[in-house]
Amino acid sequence: MFSIFPKLIIPMVIYAIIAFIGGADTVAARLADPLFEIGMMSGATWGLTPGDLILMLALFFLFVEMVKSSDTGTASIINHGMSMLVFVTGLVLFLLVGQFATSVFFLLVLMALLDTVAGFIVTIVAARRDLAVGGDA
């Protein structure tokens, strides 16, 4: 059950929770407020924001999804279909709901698109390779 669950929905749900806590005008500001700042040796300060944390989490889950996409089983096909639903839902939210019209959410939608397209492509290539090996024997 957990293998068919698209992991990129987790950062999108976290974003949605943050987005619906306040109004549309405060979402971008809330995502850009540094949680903490670290002084660098160069004298500059580096701050980590909630938006950065969401994107880091999404990148981790995108990596997990890419590794899983090489499977050609039924669960993998269902996962790709559900990943497409996550992408379409994210795209609709980005285009139609004001709280979701931020760069952070756009990058989450872009990652969902990459997950969907790469998942289908990797599965097709792996299946073709399996058929070619089976056909040679």
# chains A, B, ... in the order shown; residues from 1 in each chain; ligands from 1

call {"tool": "closest_atom_pairs", "arguments": {"of": "range 26-45 of chain A", "to": "range 74-98 of chain A", "cutoff": "12 Å", "atoms": "only C-alpha atoms", "output": "CSV"}}
result
residue,atom,partner,partner_atom,distance
A:Thr26,CA,A:Gly98,CA,10.7
A:Val27,CA,A:Gly98,CA,9.4
A:Ala28,CA,A:Gly98,CA,10.6

call {"tool": "write_last_selection", "arguments": {"atoms": "N, CA and C atoms", "output": "mmCIF file, in the first residue's frame"}}
result
data_model
loop_
_atom_site.group_PDB
_atom_site.id
_atom_site.type_symbol
_atom_site.label_atom_id
_atom_site.label_comp_id
_atom_site.auth_asym_id
_atom_site.auth_seq_id
_atom_site.Cartn_x
_atom_site.Cartn_y
_atom_site.Cartn_z
ATOM 1 N N THR A 26 -0.498 36.580 2.931
ATOM 2 C CA THR A 26 0.539 36.295 3.932
ATOM 3 C C THR A 26 1.289 34.998 3.679
ATOM 4 N N VAL A 27 0.857 34.188 2.724
ATOM 5 C CA VAL A 27 1.509 32.893 2.479
ATOM 6 C C VAL A 27 2.947 33.085 2.023
ATOM 7 N N ALA A 28 3.161 33.945 1.038
ATOM 8 C CA ALA A 28 4.516 34.169 0.537
ATOM 9 C C ALA A 28 5.418 34.725 1.632
#

call {"tool": "closest_atom_pairs", "arguments": {"of": "range 87-130 of chain A", "to": "range 2-14 of chain A", "cutoff": "10 Å", "atoms": "only C-alpha atoms", "output": "Markdown table"}}
result
| residue | atom | partner | partner_atom | distance |
| --- | --- | --- | --- | --- |
| A:Phe87 | CA | A:Ile9 | CA | 9.0 |
| A:Thr89 | CA | A:Ile9 | CA | 10.0 |
| A:Gly90 | CA | A:Met12 | CA | 7.8 |
| A:Phe100 | CA | A:Met12 | CA | 9.9 |
| A:Val104 | CA | A:Met12 | CA | 9.9 |
| A:Phe105 | CA | A:Met12 | CA | 7.6 |
| A:Leu108 | CA | A:Met12 | CA | 7.0 |
| A:Val109 | CA | A:Met12 | CA | 8.6 |
| A:Met111 | CA | A:Leu8 | CA | 7.9 |
| A:Ala112 | CA | A:Leu8 | CA | 6.6 |
| A:Asp115 | CA | A:Leu8 | CA | 8.5 |
| A:Thr116 | CA | A:Pro6 | CA | 9.8 |

call {"tool": "closest_residue", "arguments": {"among": "A:Leu35, A:Ile17, A:Leu113, A:Val125", "to": "Glu65 in chain A", "atoms": "only C-alpha atoms"}}
result
A:Leu113

call {"tool": "select_by_dssp", "arguments": {"residues": "chain A", "states": "strand (DSSP E or B)", "output": "number ranges by chain"}}
result
A: 36-39, 45-48

call {"tool": "select_by_dssp", "arguments": {"residues": "chain A", "states": "helix (DSSP H, G or I)", "output": "PDB file with N, CA and C atoms, in the first residue's frame"}}
result
ATOM      1  N   ILE A   9       3.046  14.014  -2.502  1.00  0.00           N
ATOM      2  CA  ILE A   9       1.834  14.630  -1.949  1.00  0.00           C
ATOM      3  C   ILE A   9       2.104  15.155  -0.527  1.00  0.00           C
ATOM      4  N   ILE A  10       3.087  14.586   0.160  1.00  0.00           N
ATOM      5  CA  ILE A  10       3.389  14.990   1.542  1.00  0.00           C
ATOM      6  C   ILE A  10       3.812  16.464   1.603  1.00  0.00           C
ATOM      7  N   PRO A  11       4.815  16.917   0.810  1.00  0.00           N
ATOM      8  CA  PRO A  11       5.146  18.347   0.873  1.00  0.00           C
ATOM      9  C   PRO A  11       4.011  19.249   0.392  1.00  0.00           C
ATOM     10  N   MET A  12       3.188  18.748  -0.537  1.00  0.00           N
ATOM     11  CA  MET A  12       2.051  19.558  -0.993  1.00  0.00           C
ATOM     12  C   MET A  12       1.008  19.724   0.111  1.00  0.00           C
ATOM     13  N   VAL A  13       0.796  18.685   0.886  1.00  0.00           N
ATOM     14  CA  VAL A  13      -0.146  18.777   2.013  1.00  0.00           C
ATOM     15  C   VAL A  13       0.417  19.726   3.077  1.00  0.00           C
ATOM     16  N   ILE A  14       1.712  19.641   3.352  1.00  0.00           N
ATOM     17  CA  ILE A  14       2.336  20.559   4.310  1.00  0.00           C
ATOM     18  C   ILE A  14       2.174  22.002   3.833  1.00  0.00           C
ATOM     19  N   TYR A  15       2.404  22.226   2.530  1.00  0.00           N
ATOM     20  CA  TYR A  15       2.207  23.564   1.973  1.00  0.00           C
ATOM     21  C   TYR A  15       0.760  24.009   2.140  1.00  0.00           C
ATOM     22  N   ALA A  16      -0.186  23.114   1.867  1.00  0.00           N
ATOM     23  CA  ALA A  16      -1.612  23.459   1.973  1.00  0.00           C
ATOM     24  C   ALA A  16      -1.971  23.849   3.405  1.00  0.00           C
ATOM     25  N   ILE A  17      -1.406  23.150   4.378  1.00  0.00           N
ATOM     26  CA  ILE A  17      -1.665  23.495   5.781  1.00  0.00           C
ATOM     27  C   ILE A  17      -1.159  24.904   6.079  1.00  0.00           C
ATOM     28  N   ILE A  18       0.054  25.203   5.619  1.00  0.00           N
ATOM     29  CA  ILE A  18       0.607  26.538   5.827  1.00  0.00           C
ATOM     30  C   ILE A  18      -0.222  27.585   5.082  1.00  0.00           C
ATOM     31  N   ALA A  19      -0.664  27.244   3.864  1.00  0.00           N
ATOM     32  CA  ALA A  19      -1.410  28.200   3.040  1.00  0.00           C
ATOM     33  C   ALA A  19      -2.768  28.537   3.632  1.00  0.00           C
ATOM     34  N   PHE A  20      -3.426  27.561   4.225  1.00  0.00           N
ATOM     35  CA  PHE A  20      -4.774  27.820   4.725  1.00  0.00           C
ATOM     36  C   PHE A  20      -4.799  28.316   6.165  1.00  0.00           C
ATOM     37  N   ILE A  21      -3.645  28.421   6.821  1.00  0.00           N
ATOM     38  CA  ILE A  21      -3.597  29.006   8.155  1.00  0.00           C
ATOM     39  C   ILE A  21      -3.872  30.510   8.080  1.00  0.00           C
ATOM     40  N   ALA A  24      -4.267  34.731   1.560  1.00  0.00           N
ATOM     41  CA  ALA A  24      -3.436  34.579   0.372  1.00  0.00           C
ATOM     42  C   ALA A  24      -2.256  35.551   0.366  1.00  0.00           C
ATOM     43  N   ASP A  25      -2.431  36.727   0.971  1.00  0.00           N
ATOM     44  CA  ASP A  25      -1.362  37.721   0.944  1.00  0.00           C
ATOM     45  C   ASP A  25      -0.238  37.405   1.925  1.00  0.00           C
ATOM     46  N   THR A  26      -0.498  36.580   2.931  1.00  0.00           N
ATOM     47  CA  THR A  26       0.539  36.295   3.932  1.00  0.00           C
ATOM     48  C   THR A  26       1.289  34.998   3.679  1.00  0.00           C
ATOM     49  N   VAL A  27       0.857  34.188   2.724  1.00  0.00           N
ATOM     50  CA  VAL A  27       1.509  32.893   2.479  1.00  0.00           C
ATOM     51  C   VAL A  27       2.947  33.085   2.023  1.00  0.00           C
ATOM     52  N   ALA A  28       3.161  33.945   1.038  1.00  0.00           N
ATOM     53  CA  ALA A  28       4.516  34.169   0.537  1.00  0.00           C
ATOM     54  C   ALA A  28       5.418  34.725   1.632  1.00  0.00           C
ATOM     55  N   ALA A  29       4.902  35.633   2.432  1.00  0.00           N
ATOM     56  CA  ALA A  29       5.700  36.201   3.528  1.00  0.00           C
ATOM     57  C   ALA A  29       6.023  35.143   4.575  1.00  0.00           C
ATOM     58  N   ARG A  30       5.049  34.285   4.889  1.00  0.00           N
ATOM     59  CA  ARG A  30       5.262  33.234   5.880  1.00  0.00           C
ATOM     60  C   ARG A  30       6.307  32.229   5.395  1.00  0.00           C
ATOM     61  N   LEU A  31       6.295  31.926   4.099  1.00  0.00           N
ATOM     62  CA  LEU A  31       7.264  30.974   3.546  1.00  0.00           C
ATOM     63  C   LEU A  31       8.657  31.574   3.430  1.00  0.00           C
ATOM     64  N   ALA A  32       8.759  32.908   3.402  1.00  0.00           N
ATOM     65  CA  ALA A  32      10.046  33.571   3.232  1.00  0.00           C
ATOM     66  C   ALA A  32      10.684  34.008   4.548  1.00  0.00           C
ATOM     67  N   PRO A  50      10.811  28.308   5.830  1.00  0.00           N
ATOM     68  CA  PRO A  50       9.888  27.177   5.690  1.00  0.00           C
ATOM     69  C   PRO A  50       9.745  26.720   4.239  1.00  0.00           C
ATOM     70  N   GLY A  51       9.779  27.654   3.296  1.00  0.00           N
ATOM     71  CA  GLY A  51       9.719  27.291   1.884  1.00  0.00           C
ATOM     72  C   GLY A  51      10.903  26.431   1.474  1.00  0.00           C
ATOM     73  N   ASP A  52      12.096  26.791   1.990  1.00  0.00           N
ATOM     74  CA  ASP A  52      13.292  25.995   1.707  1.00  0.00           C
ATOM     75  C   ASP A  52      13.152  24.577   2.267  1.00  0.00           C
ATOM     76  N   LEU A  53      12.626  24.474   3.477  1.00  0.00           N
ATOM     77  CA  LEU A  53      12.454  23.148   4.090  1.00  0.00           C
ATOM     78  C   LEU A  53      11.465  22.282   3.311  1.00  0.00           C
ATOM     79  N   ILE A  54      10.383  22.899   2.837  1.00  0.00           N
ATOM     80  CA  ILE A  54       9.400  22.154   2.046  1.00  0.00           C
ATOM     81  C   ILE A  54      10.046  21.664   0.748  1.00  0.00           C
ATOM     82  N   LEU A  55      10.827  22.523   0.108  1.00  0.00           N
ATOM     83  CA  LEU A  55      11.483  22.125  -1.135  1.00  0.00           C
ATOM     84  C   LEU A  55      12.541  21.051  -0.902  1.00  0.00           C
ATOM     85  N   MET A  56      13.258  21.121   0.209  1.00  0.00           N
ATOM     86  CA  MET A  56      14.235  20.071   0.532  1.00  0.00           C
ATOM     87  C   MET A  56      13.541  18.734   0.742  1.00  0.00           C
ATOM     88  N   LEU A  57      12.434  18.745   1.449  1.00  0.00           N
ATOM     89  CA  LEU A  57      11.656  17.531   1.661  1.00  0.00           C
ATOM     90  C   LEU A  57      11.142  16.988   0.333  1.00  0.00           C
ATOM     91  N   ALA A  58      10.667  17.870  -0.529  1.00  0.00           N
ATOM     92  CA  ALA A  58      10.150  17.451  -1.831  1.00  0.00           C
ATOM     93  C   ALA A  58      11.258  16.865  -2.703  1.00  0.00           C
ATOM     94  N   LEU A  59      12.447  17.441  -2.662  1.00  0.00           N
ATOM     95  CA  LEU A  59      13.571  16.880  -3.423  1.00  0.00           C
ATOM     96  C   LEU A  59      13.929  15.482  -2.940  1.00  0.00           C
ATOM     97  N   PHE A  60      13.893  15.277  -1.631  1.00  0.00           N
ATOM     98  CA  PHE A  60      14.152  13.944  -1.084  1.00  0.00           C
ATOM     99  C   PHE A  60      13.108  12.944  -1.590  1.00  0.00           C
ATOM    100  N   PHE A  61      11.828  13.336  -1.534  1.00  0.00           N
ATOM    101  CA  PHE A  61      10.775  12.440  -1.996  1.00  0.00           C
ATOM    102  C   PHE A  61      10.831  12.234  -3.511  1.00  0.00           C
ATOM    103  N   LEU A  62      11.271  13.246  -4.265  1.00  0.00           N
ATOM    104  CA  LEU A  62      11.443  13.079  -5.707  1.00  0.00           C
ATOM    105  C   LEU A  62      12.515  12.033  -5.986  1.00  0.00           C
ATOM    106  N   PHE A  63      13.593  12.056  -5.221  1.00  0.00           N
ATOM    107  CA  PHE A  63      14.635  11.036  -5.358  1.00  0.00           C
ATOM    108  C   PHE A  63      14.074   9.645  -5.073  1.00  0.00           C
ATOM    109  N   VAL A  64      13.297   9.515  -4.005  1.00  0.00           N
ATOM    110  CA  VAL A  64      12.696   8.220  -3.667  1.00  0.00           C
ATOM    111  C   VAL A  64      11.789   7.747  -4.800  1.00  0.00           C
ATOM    112  N   GLU A  65      10.998   8.652  -5.355  1.00  0.00           N
ATOM    113  CA  GLU A  65      10.095   8.294  -6.456  1.00  0.00           C
ATOM    114  C   GLU A  65      10.879   7.879  -7.701  1.00  0.00           C
ATOM    115  N   MET A  66      12.000   8.546  -7.982  1.00  0.00           N
ATOM    116  CA  MET A  66      12.814   8.177  -9.144  1.00  0.00           C
ATOM    117  C   MET A  66      13.404   6.774  -8.979  1.00  0.00           C
ATOM    118  N   VAL A  67      13.835   6.457  -7.778  1.00  0.00           N
ATOM    119  CA  VAL A  67      14.384   5.120  -7.525  1.00  0.00           C
ATOM    120  C   VAL A  67      13.290   4.068  -7.679  1.00  0.00           C
ATOM    121  N   LYS A  68      12.090   4.375  -7.184  1.00  0.00           N
ATOM    122  CA  LYS A  68      10.969   3.430  -7.277  1.00  0.00           C
ATOM    123  C   LYS A  68      10.461   3.256  -8.701  1.00  0.00           C
ATOM    124  N   THR A  74       2.566  -3.964 -11.117  1.00  0.00           N
ATOM    125  CA  THR A  74       1.260  -3.316 -11.103  1.00  0.00           C
ATOM    126  C   THR A  74       1.231  -2.138 -10.128  1.00  0.00           C
ATOM    127  N   ALA A  75       1.865  -2.304  -8.979  1.00  0.00           N
ATOM    128  CA  ALA A  75       1.895  -1.218  -7.994  1.00  0.00           C
ATOM    129  C   ALA A  75       2.588   0.011  -8.569  1.00  0.00           C
ATOM    130  N   SER A  76       3.593  -0.192  -9.383  1.00  0.00           N
ATOM    131  CA  SER A  76       4.302   0.928  -9.993  1.00  0.00           C
ATOM    132  C   SER A  76       3.405   1.673 -10.980  1.00  0.00           C
ATOM    133  N   ILE A  77       2.620   0.942 -11.756  1.00  0.00           N
ATOM    134  CA  ILE A  77       1.700   1.577 -12.707  1.00  0.00           C
ATOM    135  C   ILE A  77       0.643   2.389 -11.954  1.00  0.00           C
ATOM    136  N   ILE A  78       0.120   1.839 -10.870  1.00  0.00           N
ATOM    137  CA  ILE A  78      -0.857   2.564 -10.052  1.00  0.00           C
ATOM    138  C   ILE A  78      -0.214   3.815  -9.456  1.00  0.00           C
ATOM    139  N   ASN A  79       1.047   3.693  -9.001  1.00  0.00           N
ATOM    140  CA  ASN A  79       1.771   4.836  -8.452  1.00  0.00           C
ATOM    141  C   ASN A  79       1.920   5.934  -9.487  1.00  0.00           C
ATOM    142  N   HIS A  80       2.224   5.575 -10.734  1.00  0.00           N
ATOM    143  CA  HIS A  80       2.373   6.586 -11.784  1.00  0.00           C
ATOM    144  C   HIS A  80       1.039   7.295 -12.054  1.00  0.00           C
ATOM    145  N   GLY A  81      -0.048   6.533 -12.043  1.00  0.00           N
ATOM    146  CA  GLY A  81      -1.364   7.149 -12.222  1.00  0.00           C
ATOM    147  C   GLY A  81      -1.706   8.099 -11.091  1.00  0.00           C
ATOM    148  N   MET A  82      -1.397   7.686  -9.870  1.00  0.00           N
ATOM    149  CA  MET A  82      -1.668   8.557  -8.722  1.00  0.00           C
ATOM    150  C   MET A  82      -0.749   9.779  -8.737  1.00  0.00           C
ATOM    151  N   SER A  83       0.490   9.600  -9.215  1.00  0.00           N
ATOM    152  CA  SER A  83       1.402  10.745  -9.349  1.00  0.00           C
ATOM    153  C   SER A  83       0.849  11.752 -10.344  1.00  0.00           C
ATOM    154  N   MET A  84       0.208  11.249 -11.401  1.00  0.00           N
ATOM    155  CA  MET A  84      -0.404  12.165 -12.366  1.00  0.00           C
ATOM    156  C   MET A  84      -1.551  12.931 -11.712  1.00  0.00           C
ATOM    157  N   LEU A  85      -2.325  12.264 -10.856  1.00  0.00           N
ATOM    158  CA  LEU A  85      -3.402  12.954 -10.132  1.00  0.00           C
ATOM    159  C   LEU A  85      -2.842  14.041  -9.217  1.00  0.00           C
ATOM    160  N   VAL A  86      -1.711  13.750  -8.557  1.00  0.00           N
ATOM    161  CA  VAL A  86      -1.065  14.750  -7.700  1.00  0.00           C
ATOM    162  C   VAL A  86      -0.642  15.948  -8.536  1.00  0.00           C
ATOM    163  N   PHE A  87      -0.056  15.682  -9.709  1.00  0.00           N
ATOM    164  CA  PHE A  87       0.371  16.774 -10.585  1.00  0.00           C
ATOM    165  C   PHE A  87      -0.816  17.610 -11.048  1.00  0.00           C
ATOM    166  N   VAL A  88      -1.861  16.965 -11.529  1.00  0.00           N
ATOM    167  CA  VAL A  88      -3.026  17.693 -12.042  1.00  0.00           C
ATOM    168  C   VAL A  88      -3.685  18.502 -10.928  1.00  0.00           C
ATOM    169  N   THR A  89      -3.824  17.898  -9.750  1.00  0.00           N
ATOM    170  CA  THR A  89      -4.401  18.618  -8.610  1.00  0.00           C
ATOM    171  C   THR A  89      -3.543  19.821  -8.241  1.00  0.00           C
ATOM    172  N   GLY A  90      -2.225  19.635  -8.201  1.00  0.00           N
ATOM    173  CA  GLY A  90      -1.326  20.745  -7.901  1.00  0.00           C
ATOM    174  C   GLY A  90      -1.405  21.845  -8.939  1.00  0.00           C
ATOM    175  N   LEU A  91      -1.492  21.469 -10.211  1.00  0.00           N
ATOM    176  CA  LEU A  91      -1.586  22.464 -11.272  1.00  0.00           C
ATOM    177  C   LEU A  91      -2.878  23.259 -11.165  1.00  0.00           C
ATOM    178  N   VAL A  92      -3.974  22.586 -10.885  1.00  0.00           N
ATOM    179  CA  VAL A  92      -5.262  23.274 -10.723  1.00  0.00           C
ATOM    180  C   VAL A  92      -5.202  24.225  -9.531  1.00  0.00           C
ATOM    181  N   LEU A  93      -4.638  23.774  -8.423  1.00  0.00           N
ATOM    182  CA  LEU A  93      -4.507  24.650  -7.247  1.00  0.00           C
ATOM    183  C   LEU A  93      -3.636  25.860  -7.563  1.00  0.00           C
ATOM    184  N   PHE A  94      -2.523  25.633  -8.265  1.00  0.00           N
ATOM    185  CA  PHE A  94      -1.617  26.723  -8.610  1.00  0.00           C
ATOM    186  C   PHE A  94      -2.323  27.773  -9.472  1.00  0.00           C
ATOM    187  N   LEU A  95      -3.131  27.310 -10.423  1.00  0.00           N
ATOM    188  CA  LEU A  95      -3.769  28.231 -11.356  1.00  0.00           C
ATOM    189  C   LEU A  95      -5.017  28.914 -10.801  1.00  0.00           C
ATOM    190  N   LEU A  96      -5.728  28.249  -9.887  1.00  0.00           N
ATOM    191  CA  LEU A  96      -7.041  28.750  -9.490  1.00  0.00           C
ATOM    192  C   LEU A  96      -7.163  29.254  -8.057  1.00  0.00           C
ATOM    193  N   GLY A  98      -5.535  31.398  -4.926  1.00  0.00           N
ATOM    194  CA  GLY A  98      -4.541  32.438  -4.670  1.00  0.00           C
ATOM    195  C   GLY A  98      -3.431  32.040  -3.717  1.00  0.00           C
ATOM    196  N   GLN A  99      -3.745  31.269  -2.677  1.00  0.00           N
ATOM    197  CA  GLN A  99      -2.730  30.881  -1.701  1.00  0.00           C
ATOM    198  C   GLN A  99      -1.647  29.984  -2.312  1.00  0.00           C
ATOM    199  N   PHE A 100      -1.934  29.372  -3.441  1.00  0.00           N
ATOM    200  CA  PHE A 100      -1.002  28.436  -4.051  1.00  0.00           C
ATOM    201  C   PHE A 100      -0.199  29.065  -5.189  1.00  0.00           C
ATOM    202  N   SER A 103       6.139  30.758  -5.823  1.00  0.00           N
ATOM    203  CA  SER A 103       7.240  30.031  -6.464  1.00  0.00           C
ATOM    204  C   SER A 103       7.477  28.683  -5.806  1.00  0.00           C
ATOM    205  N   VAL A 104       7.309  28.616  -4.500  1.00  0.00           N
ATOM    206  CA  VAL A 104       7.514  27.347  -3.797  1.00  0.00           C
ATOM    207  C   VAL A 104       6.537  26.300  -4.308  1.00  0.00           C
ATOM    208  N   PHE A 105       5.272  26.661  -4.414  1.00  0.00           N
ATOM    209  CA  PHE A 105       4.291  25.677  -4.879  1.00  0.00           C
ATOM    210  C   PHE A 105       4.491  25.374  -6.359  1.00  0.00           C
ATOM    211  N   PHE A 106       4.893  26.368  -7.156  1.00  0.00           N
ATOM    212  CA  PHE A 106       5.191  26.097  -8.562  1.00  0.00           C
ATOM    213  C   PHE A 106       6.290  25.051  -8.685  1.00  0.00           C
ATOM    214  N   LEU A 107       7.322  25.159  -7.858  1.00  0.00           N
ATOM    215  CA  LEU A 107       8.407  24.169  -7.900  1.00  0.00           C
ATOM    216  C   LEU A 107       7.919  22.796  -7.441  1.00  0.00           C
ATOM    217  N   LEU A 108       6.993  22.755  -6.490  1.00  0.00           N
ATOM    218  CA  LEU A 108       6.402  21.472  -6.088  1.00  0.00           C
ATOM    219  C   LEU A 108       5.625  20.854  -7.249  1.00  0.00           C
ATOM    220  N   VAL A 109       4.873  21.671  -7.974  1.00  0.00           N
ATOM    221  CA  VAL A 109       4.122  21.178  -9.139  1.00  0.00           C
ATOM    222  C   VAL A 109       5.090  20.703 -10.217  1.00  0.00           C
ATOM    223  N   LEU A 110       6.175  21.430 -10.419  1.00  0.00           N
ATOM    224  CA  LEU A 110       7.180  21.036 -11.402  1.00  0.00           C
ATOM    225  C   LEU A 110       7.819  19.691 -11.021  1.00  0.00           C
ATOM    226  N   MET A 111       8.082  19.490  -9.739  1.00  0.00           N
ATOM    227  CA  MET A 111       8.623  18.206  -9.284  1.00  0.00           C
ATOM    228  C   MET A 111       7.616  17.079  -9.503  1.00  0.00           C
ATOM    229  N   ALA A 112       6.339  17.369  -9.276  1.00  0.00           N
ATOM    230  CA  ALA A 112       5.301  16.362  -9.527  1.00  0.00           C
ATOM    231  C   ALA A 112       5.239  16.018 -11.011  1.00  0.00           C
ATOM    232  N   LEU A 113       5.402  17.021 -11.881  1.00  0.00           N
ATOM    233  CA  LEU A 113       5.435  16.761 -13.322  1.00  0.00           C
ATOM    234  C   LEU A 113       6.640  15.892 -13.682  1.00  0.00           C
ATOM    235  N   LEU A 114       7.804  16.232 -13.137  1.00  0.00           N
ATOM    236  CA  LEU A 114       9.000  15.424 -13.402  1.00  0.00           C
ATOM    237  C   LEU A 114       8.824  14.000 -12.914  1.00  0.00           C
ATOM    238  N   ASP A 115       8.230  13.830 -11.747  1.00  0.00           N
ATOM    239  CA  ASP A 115       7.971  12.497 -11.212  1.00  0.00           C
ATOM    240  C   ASP A 115       7.066  11.712 -12.150  1.00  0.00           C
ATOM    241  N   THR A 116       6.010  12.348 -12.625  1.00  0.00           N
ATOM    242  CA  THR A 116       5.051  11.676 -13.500  1.00  0.00           C
ATOM    243  C   THR A 116       5.691  11.281 -14.828  1.00  0.00           C
ATOM    244  N   VAL A 117       6.323  12.236 -15.494  1.00  0.00           N
ATOM    245  CA  VAL A 117       6.908  11.973 -16.809  1.00  0.00           C
ATOM    246  C   VAL A 117       8.062  10.982 -16.703  1.00  0.00           C
ATOM    247  N   ALA A 118       8.954  11.193 -15.761  1.00  0.00           N
ATOM    248  CA  ALA A 118      10.099  10.293 -15.608  1.00  0.00           C
ATOM    249  C   ALA A 118       9.644   8.897 -15.215  1.00  0.00           C
ATOM    250  N   GLY A 119       8.634   8.809 -14.365  1.00  0.00           N
ATOM    251  CA  GLY A 119       8.132   7.502 -13.964  1.00  0.00           C
ATOM    252  C   GLY A 119       7.616   6.711 -15.143  1.00  0.00           C
ATOM    253  N   PHE A 120       6.819   7.349 -15.996  1.00  0.00           N
ATOM    254  CA  PHE A 120       6.307   6.653 -17.174  1.00  0.00           C
ATOM    255  C   PHE A 120       7.436   6.285 -18.130  1.00  0.00           C
ATOM    256  N   ILE A 121       8.373   7.200 -18.356  1.00  0.00           N
ATOM    257  CA  ILE A 121       9.467   6.933 -19.291  1.00  0.00           C
ATOM    258  C   ILE A 121      10.355   5.801 -18.790  1.00  0.00           C
ATOM    259  N   VAL A 122      10.732   5.841 -17.523  1.00  0.00           N
ATOM    260  CA  VAL A 122      11.596   4.794 -16.973  1.00  0.00           C
ATOM    261  C   VAL A 122      10.883   3.444 -16.997  1.00  0.00           C
ATOM    262  N   THR A 123       9.599   3.423 -16.680  1.00  0.00           N
ATOM    263  CA  THR A 123       8.848   2.171 -16.700  1.00  0.00           C
ATOM    264  C   THR A 123       8.756   1.621 -18.120  1.00  0.00           C
ATOM    265  N   ILE A 124       8.522   2.475 -19.105  1.00  0.00           N
ATOM    266  CA  ILE A 124       8.438   2.021 -20.501  1.00  0.00           C
ATOM    267  C   ILE A 124       9.777   1.472 -20.967  1.00  0.00           C
ATOM    268  N   VAL A 125      10.864   2.173 -20.650  1.00  0.00           N
ATOM    269  CA  VAL A 125      12.189   1.709 -21.059  1.00  0.00           C
ATOM    270  C   VAL A 125      12.523   0.388 -20.373  1.00  0.00           C
ATOM    271  N   ALA A 126      12.221   0.275 -19.076  1.00  0.00           N
ATOM    272  CA  ALA A 126      12.503  -0.974 -18.362  1.00  0.00           C
ATOM    273  C   ALA A 126      11.657  -2.112 -18.908  1.00  0.00           C
ATOM    274  N   ALA A 127      10.396  -1.855 -19.232  1.00  0.00           N
ATOM    275  CA  ALA A 127       9.533  -2.896 -19.786  1.00  0.00           C
ATOM    276  C   ALA A 127      10.012  -3.306 -21.175  1.00  0.00           C
ATOM    277  N   ARG A 128      10.433  -2.350 -21.981  1.00  0.00           N
ATOM    278  CA  ARG A 128      10.945  -2.661 -23.317  1.00  0.00           C
ATOM    279  C   ARG A 128      12.203  -3.514 -23.217  1.00  0.00           C
ATOM    280  N   ARG A 129      13.080  -3.190 -22.271  1.00  0.00           N
ATOM    281  CA  ARG A 129      14.290  -3.963 -22.068  1.00  0.00           C
ATOM    282  C   ARG A 129      13.932  -5.387 -21.637  1.00  0.00           C
ATOM    283  N   ASP A 130      12.942  -5.532 -20.738  1.00  0.00           N
ATOM    284  CA  ASP A 130      12.520  -6.855 -20.302  1.00  0.00           C
ATOM    285  C   ASP A 130      11.957  -7.651 -21.457  1.00  0.00           C
ATOM    286  N   LEU A 131      11.184  -7.006 -22.344  1.00  0.00           N
ATOM    287  CA  LEU A 131      10.629  -7.699 -23.502  1.00  0.00           C
ATOM    288  C   LEU A 131      11.723  -8.076 -24.491  1.00  0.00           C
ATOM    289  N   ALA A 132      12.708  -7.211 -24.678  1.00  0.00           N
ATOM    290  CA  ALA A 132      13.807  -7.511 -25.612  1.00  0.00           C
ATOM    291  C   ALA A 132      14.622  -8.683 -25.111  1.00  0.00           C
ATOM    292  N   VAL A 133      14.890  -8.746 -23.830  1.00  0.00           N
ATOM    293  CA  VAL A 133      15.643  -9.857 -23.260  1.00  0.00           C
ATOM    294  C   VAL A 133      14.841 -11.137 -23.390  1.00  0.00           C
ATOM    295  N   GLY A 134      13.548 -11.061 -23.116  1.00  0.00           N
ATOM    296  CA  GLY A 134      12.679 -12.234 -23.225  1.00  0.00           C
ATOM    297  C   GLY A 134      12.536 -12.696 -24.660  1.00  0.00           C
ATOM    298  N   GLY A 135      12.549 -11.781 -25.617  1.00  0.00           N
ATOM    299  CA  GLY A 135      12.389 -12.133 -27.028  1.00  0.00           C
ATOM    300  C   GLY A 135      13.628 -12.768 -27.619  1.00  0.00           C
ATOM    301  N   ASP A 136      14.828 -12.456 -27.058  1.00  0.00           N
ATOM    302  CA  ASP A 136      16.066 -13.016 -27.568  1.00  0.00           C
ATOM    303  C   ASP A 136      16.256 -14.460 -27.153  1.00  0.00           C
TER     304      ASP A 136
END
